[in-house]
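Structure record follows, encoded as structure tokens.
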Amino acid sequence: MGAQPILVDDGKLHDFVVEIFLAAGSSQREAGLIARHLVDSNLRGHDSHGVGSIPVYIRNLRADELLINQTLTTVLETDTFAILDGNGGFGQVMAYDAMNIGIAKAQQEGVALVGLRNSHHVGRIGHWAEQCAEAGLVSVHFVNVVSDPSVAPFGGVAARVGTNPFSVGIPRDGQRPVVLDFATSKLAVGKVRVAMNQGKPLPPGALLTAEGEPTTDPSVLFGMPKGILLPFGDHKGWGLSLACELLGAALTGGRTQSGPKKRNNTINCMLSIIISPERLGTADTLSRETEQFIGWVRSGDNSSVLLPGDIEATTTIDRKAHGVPIDRKSWSDIITAAEAVGIAPPADIAWQAA
């Protein structure tokens with residue numbers, strides 16, 4: 001097992017991440033949006049999409065596989081839909097701006113369809129569902145991943161697709177939204193990386209060796225030849241992954257995963273459907289029926305049933321109070337990436353977990 005993680009105050013961590021990307025050449029706005037997204041992912045317990053991504057981003061910047069300070073290009077736009085190109089820029093910025101465009105259209109017209117293509121890694125997809133839910137909107141997101149393939153289709157033992165995440169956000173009056181967010185593989189690549197850095201095994205049935213043999217060793221995924229993740233739910237996960245590939249990319253005019261790609265780069269395409277219950281005239285019904293249904297689900301012996309997003313909310317409260325845990329290997333890699341752009345961490349930023 002790995003050593004105890006270090007703990008970092010989320011506010012200090014946010015400021016440190018901002019400084020890293022400012023030094024790398026980002027504008028203040030870009031650095032702020034990146035930092036907010038990464039730290040929020042850690043706060044919610046999704047360390048796979050948090051600050052541990054910094055070394056990869058800095059490496060991709062230096063290899064010109066991630067382009068700094070890009071803005072969206074509008075390919076096609078009407079009152080109700082927009083096709084947007086991220087120009088290989090930071091997904092934390094491209095997706096944020098794309099969702100703002102979709103939110104404005106949905107609030108005006110009742111529904112909006114937004115296709116974002118050719119964006120660098122857009123991060124935790126639930127973040128974009130949360131952005132829509134904060135505006136009182138329902139949203140559905142299909143995302144493909146163009147990178148070195150890591151997931152085998154059901155019935156196969158050769159990697160052909162990425163982890164192709166899917167997300168749904170449903171707002172609730174005065175309460176946390178319901179946010180469903182998951183990869184269509186049994187584990188996200190980032191979660192395997194975190195397990196490897198922590199010295200922890202994977203659950204059985206998630207990963208194969210390059211030769212197609214089951215393994216719980218997370219380092220296999222990053223070896224040469226690399227291991228292979230499996231879809232969740234067998235044919236069901238593979239079917240949803242296929243939908244993410246074709247709707248997220250092909251329908252938006254983006255690239256699908258169809259052959260070897262750059263091992264260290266990640267390009268995402270995302271199709272987002274954003275709906276205004278208010279404009280549809282169903283806001284009261286949605287609110288009433290949602291609360292009645294949740295009450296019914298949790299009635300009797302089911303009082304401890306969790307909703308999608310509940311664990312993230314509890315984790316956020318805990319980590320804001322006690323610090324964000326980061327395994328020592330990931331922290332060392334982050335420090336190395338920061339030093340590569342001329343930034344040193346504040347002396348008091350981290351402390352050891354008890």
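Residues in the structure tokens are numbered from 1 in each chain, the chains being A, B, ... in the order shown, and ligands are numbered from 1 in the order shown.
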
Got a sec to tell me which of stretch 59-111 of chain A DSSP assigns to helix (DSSP H, G or I), as number ranges by chain? A: 59-62, 91-109

Stretch 186-343 of chain A: which residues are strand (DSSP E or B) by DSSP, as a count of residues only?
19

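Close contacts of A:Gly50, defined as residues with an atom at most 7 Å away when counting only C-alpha atoms, with chain neighbours fewer than 4 positions off set aside, comprise Leu38, Val39, Ser41, Asn42 and His46 of chain A.
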
Would you output that residue set with N, CA, C and O atoms, as a compact mmCIF listing (two decimals), in the first residue's frame?
# COMPACT_ATOMS: atom_id res chain seq x y z
N LEU A 38 -10.50 21.69 -11.98
CA LEU A 38 -9.66 20.64 -11.43
C LEU A 38 -9.86 20.50 -9.92
O LEU A 38 -10.01 19.38 -9.40
N VAL A 39 -9.86 21.61 -9.21
CA VAL A 39 -10.01 21.54 -7.75
C VAL A 39 -11.41 21.08 -7.38
O VAL A 39 -11.59 20.29 -6.43
N SER A 41 -13.17 19.00 -9.00
CA SER A 41 -13.18 17.55 -9.20
C SER A 41 -12.58 16.84 -8.00
O SER A 41 -13.12 15.83 -7.52
N ASN A 42 -11.47 17.37 -7.48
CA ASN A 42 -10.89 16.79 -6.27
C ASN A 42 -11.83 16.92 -5.08
O ASN A 42 -11.99 15.97 -4.29
N HIS A 46 -13.50 13.05 -7.17
CA HIS A 46 -13.10 12.52 -8.47
C HIS A 46 -11.66 12.96 -8.76
O HIS A 46 -11.39 13.77 -9.64

Requested in this report: Considering only C-alpha atoms, return as a VMD selection string whatever protein or nucleic-acid residues lie within 9 Å of stretch 341-351 of chain A, sequence-local ones (same chain, fewer than 2 positions apart) excluded.
Outcome: chain A and resid 5 to 9 12 to 13 16 19 to 21 23 to 24 58 323 335 to 339 353

Selection file, N, CA, C and O atoms, as a compact mmCIF listing (two decimals), in the first residue's frame:
# COMPACT_ATOMS: atom_id res chain seq x y z
N PRO A 5 -1.48 10.02 2.19
CA PRO A 5 -1.50 11.17 1.29
C PRO A 5 -1.18 12.46 2.04
O PRO A 5 -1.25 12.52 3.27
N ILE A 6 -0.80 13.47 1.29
CA ILE A 6 -0.70 14.79 1.88
C ILE A 6 -2.07 15.46 1.74
O ILE A 6 -2.92 15.03 0.95
N LEU A 7 -2.31 16.51 2.52
CA LEU A 7 -3.57 17.24 2.49
C LEU A 7 -3.30 18.68 2.10
O LEU A 7 -2.29 19.27 2.52
N VAL A 8 -4.19 19.24 1.28
CA VAL A 8 -4.01 20.60 0.80
C VAL A 8 -5.31 21.36 0.95
O VAL A 8 -6.38 20.87 0.56
N ASP A 9 -5.25 22.55 1.51
CA ASP A 9 -6.43 23.42 1.58
C ASP A 9 -6.91 23.74 0.16
O ASP A 9 -6.10 24.09 -0.71
N LYS A 12 -5.90 27.27 -1.21
CA LYS A 12 -4.49 27.38 -1.56
C LYS A 12 -4.17 26.55 -2.79
O LYS A 12 -3.35 26.95 -3.63
N LEU A 13 -4.83 25.38 -2.90
CA LEU A 13 -4.61 24.54 -4.07
C LEU A 13 -5.08 25.24 -5.34
O LEU A 13 -4.40 25.24 -6.36
N PHE A 16 -2.60 27.90 -6.31
CA PHE A 16 -1.37 27.29 -6.84
C PHE A 16 -1.59 26.85 -8.30
O PHE A 16 -0.73 27.07 -9.16
N GLU A 19 -1.55 29.80 -10.61
CA GLU A 19 -0.18 30.28 -10.85
C GLU A 19 0.55 29.39 -11.85
O GLU A 19 1.31 29.88 -12.70
N ILE A 20 0.32 28.09 -11.78
CA ILE A 20 0.98 27.17 -12.72
C ILE A 20 0.60 27.51 -14.15
O ILE A 20 1.46 27.64 -15.04
N PHE A 21 -0.71 27.69 -14.40
CA PHE A 21 -1.14 27.90 -15.78
C PHE A 21 -0.91 29.33 -16.26
O PHE A 21 -0.69 29.56 -17.45
N ALA A 23 1.83 30.86 -15.46
CA ALA A 23 3.24 30.75 -15.84
C ALA A 23 3.41 30.00 -17.16
O ALA A 23 4.36 30.26 -17.91
N ALA A 24 2.49 29.07 -17.44
CA ALA A 24 2.54 28.32 -18.69
C ALA A 24 2.07 29.16 -19.88
O ALA A 24 2.25 28.74 -21.02
N ILE A 58 0.58 19.95 -18.87
CA ILE A 58 1.83 20.68 -19.12
C ILE A 58 2.65 19.95 -20.19
O ILE A 58 3.22 20.58 -21.09
N GLY A 323 -9.24 19.33 4.16
CA GLY A 323 -8.21 19.35 3.14
C GLY A 323 -8.43 18.32 2.06
O GLY A 323 -9.10 17.30 2.26
N ILE A 335 4.38 18.93 -8.56
CA ILE A 335 5.48 19.84 -8.23
C ILE A 335 6.48 19.90 -9.38
O ILE A 335 6.96 20.98 -9.76
N THR A 336 6.79 18.75 -9.96
CA THR A 336 7.73 18.71 -11.08
C THR A 336 7.19 19.50 -12.27
O THR A 336 7.93 20.25 -12.93
N ALA A 337 5.88 19.34 -12.56
CA ALA A 337 5.26 20.08 -13.66
C ALA A 337 5.28 21.58 -13.38
O ALA A 337 5.53 22.39 -14.28
N ALA A 338 5.03 21.97 -12.12
CA ALA A 338 5.05 23.39 -11.76
C ALA A 338 6.46 23.95 -11.92
O ALA A 338 6.64 25.06 -12.46
N GLU A 339 7.45 23.21 -11.47
CA GLU A 339 8.83 23.68 -11.59
C GLU A 339 9.23 23.82 -13.05
O GLU A 339 10.05 24.70 -13.40
N ALA A 353 -1.47 13.72 6.15
CA ALA A 353 -2.71 13.20 6.72
C ALA A 353 -2.41 12.51 8.04
O ALA A 353 -1.35 11.87 8.21

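For the set A:Asn60, A:Asn197, A:Gln257, A:Thr266, the residue with the smallest atom-to-atom gap to A:Asp217 is A:Asn197, counting only C-alpha atoms.
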
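Proximity of A:Gly295, A:Gly25, A:Gly239, A:Gly126 to A:Pro153, computed with only C-alpha atoms, is greatest for A:Gly239.
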
Q | Spatial neighbours of A:Pro204, 12 Å, only C-alpha atoms, chain gap at least 3 places, as JSON, numbers by chain | A | {"A": [186, 187, 201, 207, 208, 213, 214, 215, 216, 217, 218, 229, 230]}

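Proximity of A:Gly45, A:Lys226, A:Ile267, A:Trp238 to A:Met94, computed with only C-alpha atoms, is greatest for A:Ile267.
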
Write out as JSON lines the residues of stretch 84-109 of chain A that have any atom within 12 Å of an atom of stretch 63-74 of chain A, one row each with the nearest atom pair and its distance in Å to one decimal, counting only C-alpha atoms, sorted by chain and then rising number.
{"residue": "A:Leu84", "atom": "CA", "partner": "A:Thr74", "partner_atom": "CA", "distance": 4.7}
{"residue": "A:Asp85", "atom": "CA", "partner": "A:Thr73", "partner_atom": "CA", "distance": 5.0}
{"residue": "A:Gly86", "atom": "CA", "partner": "A:Leu72", "partner_atom": "CA", "distance": 5.1}
{"residue": "A:Asn87", "atom": "CA", "partner": "A:Gln70", "partner_atom": "CA", "distance": 6.6}
{"residue": "A:Gly88", "atom": "CA", "partner": "A:Leu67", "partner_atom": "CA", "distance": 5.7}
{"residue": "A:Gly89", "atom": "CA", "partner": "A:Leu67", "partner_atom": "CA", "distance": 4.9}
{"residue": "A:Phe90", "atom": "CA", "partner": "A:Ile68", "partner_atom": "CA", "distance": 6.9}
{"residue": "A:Gly91", "atom": "CA", "partner": "A:Leu66", "partner_atom": "CA", "distance": 9.7}
{"residue": "A:Gln92", "atom": "CA", "partner": "A:Gln70", "partner_atom": "CA", "distance": 11.2}
{"residue": "A:Val93", "atom": "CA", "partner": "A:Thr71", "partner_atom": "CA", "distance": 8.1}
{"residue": "A:Met94", "atom": "CA", "partner": "A:Leu72", "partner_atom": "CA", "distance": 6.3}
{"residue": "A:Ala95", "atom": "CA", "partner": "A:Leu72", "partner_atom": "CA", "distance": 9.2}
{"residue": "A:Tyr96", "atom": "CA", "partner": "A:Leu72", "partner_atom": "CA", "distance": 10.4}
{"residue": "A:Asp97", "atom": "CA", "partner": "A:Leu72", "partner_atom": "CA", "distance": 7.7}
{"residue": "A:Ala98", "atom": "CA", "partner": "A:Leu72", "partner_atom": "CA", "distance": 7.8}
{"residue": "A:Met99", "atom": "CA", "partner": "A:Leu72", "partner_atom": "CA", "distance": 11.5}
{"residue": "A:Asn100", "atom": "CA", "partner": "A:Leu72", "partner_atom": "CA", "distance": 11.8}
{"residue": "A:Ile101", "atom": "CA", "partner": "A:Thr74", "partner_atom": "CA", "distance": 10.6}

Would you tabulate, counting only C-alpha atoms, all residues of stretch 112-228 of chain A that have an atom at most 12 Å from an atom of stretch 311-314 of chain A, showing the closest pair of atoms and their distance in Å to one decimal, sorted by chain then ascending number, as a tab-separated table?
residue	atom	partner	partner_atom	distance
A:Gly126	CA	A:Glu312	CA	10.5
A:His127	CA	A:Glu312	CA	11.4
A:Glu130	CA	A:Glu312	CA	11.8
A:Gln175	CA	A:Ala313	CA	11.0
A:Arg176	CA	A:Ala313	CA	8.1
A:Pro177	CA	A:Ala313	CA	10.1
A:Val178	CA	A:Ala313	CA	10.7
A:Val179	CA	A:Glu312	CA	9.6
A:Leu180	CA	A:Glu312	CA	10.9
A:Asp181	CA	A:Glu312	CA	10.9

Using only C-alpha atoms, please write the residues we just selected to a file, as an mmCIF file, in the first residue's frame.
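Result file is selection-v9.cif:
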data_model
loop_
_atom_site.group_PDB
_atom_site.id
_atom_site.type_symbol
_atom_site.label_atom_id
_atom_site.label_comp_id
_atom_site.auth_asym_id
_atom_site.auth_seq_id
_atom_site.Cartn_x
_atom_site.Cartn_y
_atom_site.Cartn_z
ATOM 1 C CA GLY A 126 -20.706 16.121 -14.351
ATOM 2 C CA HIS A 127 -19.232 19.616 -14.009
ATOM 3 C CA GLU A 130 -23.913 21.021 -12.729
ATOM 4 C CA GLN A 175 -31.675 21.162 -3.053
ATOM 5 C CA ARG A 176 -28.678 19.602 -4.750
ATOM 6 C CA PRO A 177 -29.343 18.539 -8.322
ATOM 7 C CA VAL A 178 -29.354 14.919 -9.372
ATOM 8 C CA VAL A 179 -26.120 14.480 -11.363
ATOM 9 C CA LEU A 180 -25.426 11.180 -13.073
ATOM 10 C CA ASP A 181 -21.874 11.016 -14.422
#

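Reported to one decimal place, the separation of atom CA of A:Ala183 from atom CA of A:Cys269 is 14.3 Å.
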
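Across A:Thr282, A:Thr290, A:Ser241, A:Thr209, the tightest approach to A:Val145 is made by A:Ser241 when counting only C-alpha atoms.
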
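Distance-wise, atom CA of A:Ser330 and atom CA of A:Asp40 end up 16.8 Å apart.
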
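Proximity to A:Gly162 was assessed for A:Asn268, A:Thr316, A:Gln108, A:Gln198 counting only C-alpha atoms; the smallest distance is recorded for A:Asn268.
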
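Separating atom CA of A:Gly212 from atom CA of A:Gly237 is a distance of 18.8 Å.
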